[in-house]
Amino acid sequence: MKSVKHILARKGSAVIAVPADTTVLNVLKLMAEKNIGSVVVTDNGQYIGLVTERDYARKIILMGKHSDETTAGDIISTNLPHVTPKSSVESCMIIMSENNIRYLPVFDDADSLCGIISINDVVYETIHSQQETIEQLHSYIHQ
């Protein structure tokens, strides 16, 4: 079974992060520029949570707030489940489904953030793994 380390090896472990006092408007501009749906929020360089497009929709738009007056720290998602590079892709899929979330922070054994994975990453890895299995079975049958 594939693990999170396979996803990070494919996509890289670099994360886009902003300080908690960054305005939501600037976070949205960064997300658009990088074509991403979540940004890590930090306090003194330490991970404190994520801001996602869903956070923006639910905590700014629906609450009638203004994105140029609200900070990332005001709308972050905290206490997300953590996974490690050793976590299986299957367990990540279960965690994401059970918690209705699209992003998971990945922490190493020293409890340092080492990446973010998305539901798209998990789906891609699952499809790729299934394709490898099918190719192996075809190869075995045609020997």
# chains A, B, ... in the order shown; residues from 1 in each chain; ligands from 1
>>> residues_around(residues="stretch 71-88 of chain A", least_positions_apart="2", cutoff="7 Å", atoms="only C-alpha atoms", output="count of residues only")
26
>>> residues_around(residues="A:Ala17", least_positions_apart="2", cutoff="9 Å", atoms="only C-alpha atoms", output="list in words")
Val15, Pro19, Val39, Val40, Val41, Thr42, Gly45, Tyr47 and Leu50 of chain A
>>> write_last_selection(atoms="C-alpha atoms", output="mmCIF file, in the first residue's frame")
data_model
loop_
_atom_site.group_PDB
_atom_site.id
_atom_site.type_symbol
_atom_site.label_atom_id
_atom_site.label_comp_id
_atom_site.auth_asym_id
_atom_site.auth_seq_id
_atom_site.Cartn_x
_atom_site.Cartn_y
_atom_site.Cartn_z
ATOM 1 C CA VAL A 15 4.148 24.501 1.591
ATOM 2 C CA PRO A 19 1.635 34.845 8.987
ATOM 3 C CA VAL A 39 -2.516 28.041 2.727
ATOM 4 C CA VAL A 40 -0.653 27.230 5.927
ATOM 5 C CA VAL A 41 -1.024 29.880 8.622
ATOM 6 C CA THR A 42 1.869 30.461 10.995
ATOM 7 C CA GLY A 45 7.038 30.709 11.967
ATOM 8 C CA TYR A 47 2.184 26.050 12.047
ATOM 9 C CA LEU A 50 -4.860 26.169 7.454
#
>>> closest_residue(among="A:Ile134, A:Met63, A:Ile141, A:Ile116", to="A:Gly37", atoms="only C-alpha atoms")
A:Ile116
>>> select_by_dssp(residues="chain A", states="alpha helix (DSSP H)", output="ChimeraX atom specification")
/A:4-11,24-34,53-56,72-75,89-99,119-141
>>> residues_around(residues="stretch 120-123 of chain A", least_positions_apart="5", cutoff="8 Å", atoms="only C-alpha atoms", output="ChimeraX atom specification")
/A:7,89,92-93
>>> write_last_selection(atoms="C-alpha atoms", output="short mmCIF file (atom, residue, chain, number, x, y, z; two decimals), in the first residue's frame")
data_model
loop_
_atom_site.label_atom_id
_atom_site.label_comp_id
_atom_site.auth_asym_id
_atom_site.auth_seq_id
_atom_site.Cartn_x
_atom_site.Cartn_y
_atom_site.Cartn_z
CA ILE A 7 2.63 11.59 -2.46
CA VAL A 89 -3.09 6.68 1.45
CA CYS A 92 -5.86 9.47 4.70
CA MET A 93 -8.88 8.87 2.49
#
>>> select_by_dssp(residues="stretch 42-137 of chain A", states="strand (DSSP E or B)", output="PyMOL selection string")
chain A and resi 42-43+46-52+71+77+83+88+103-107+113-118
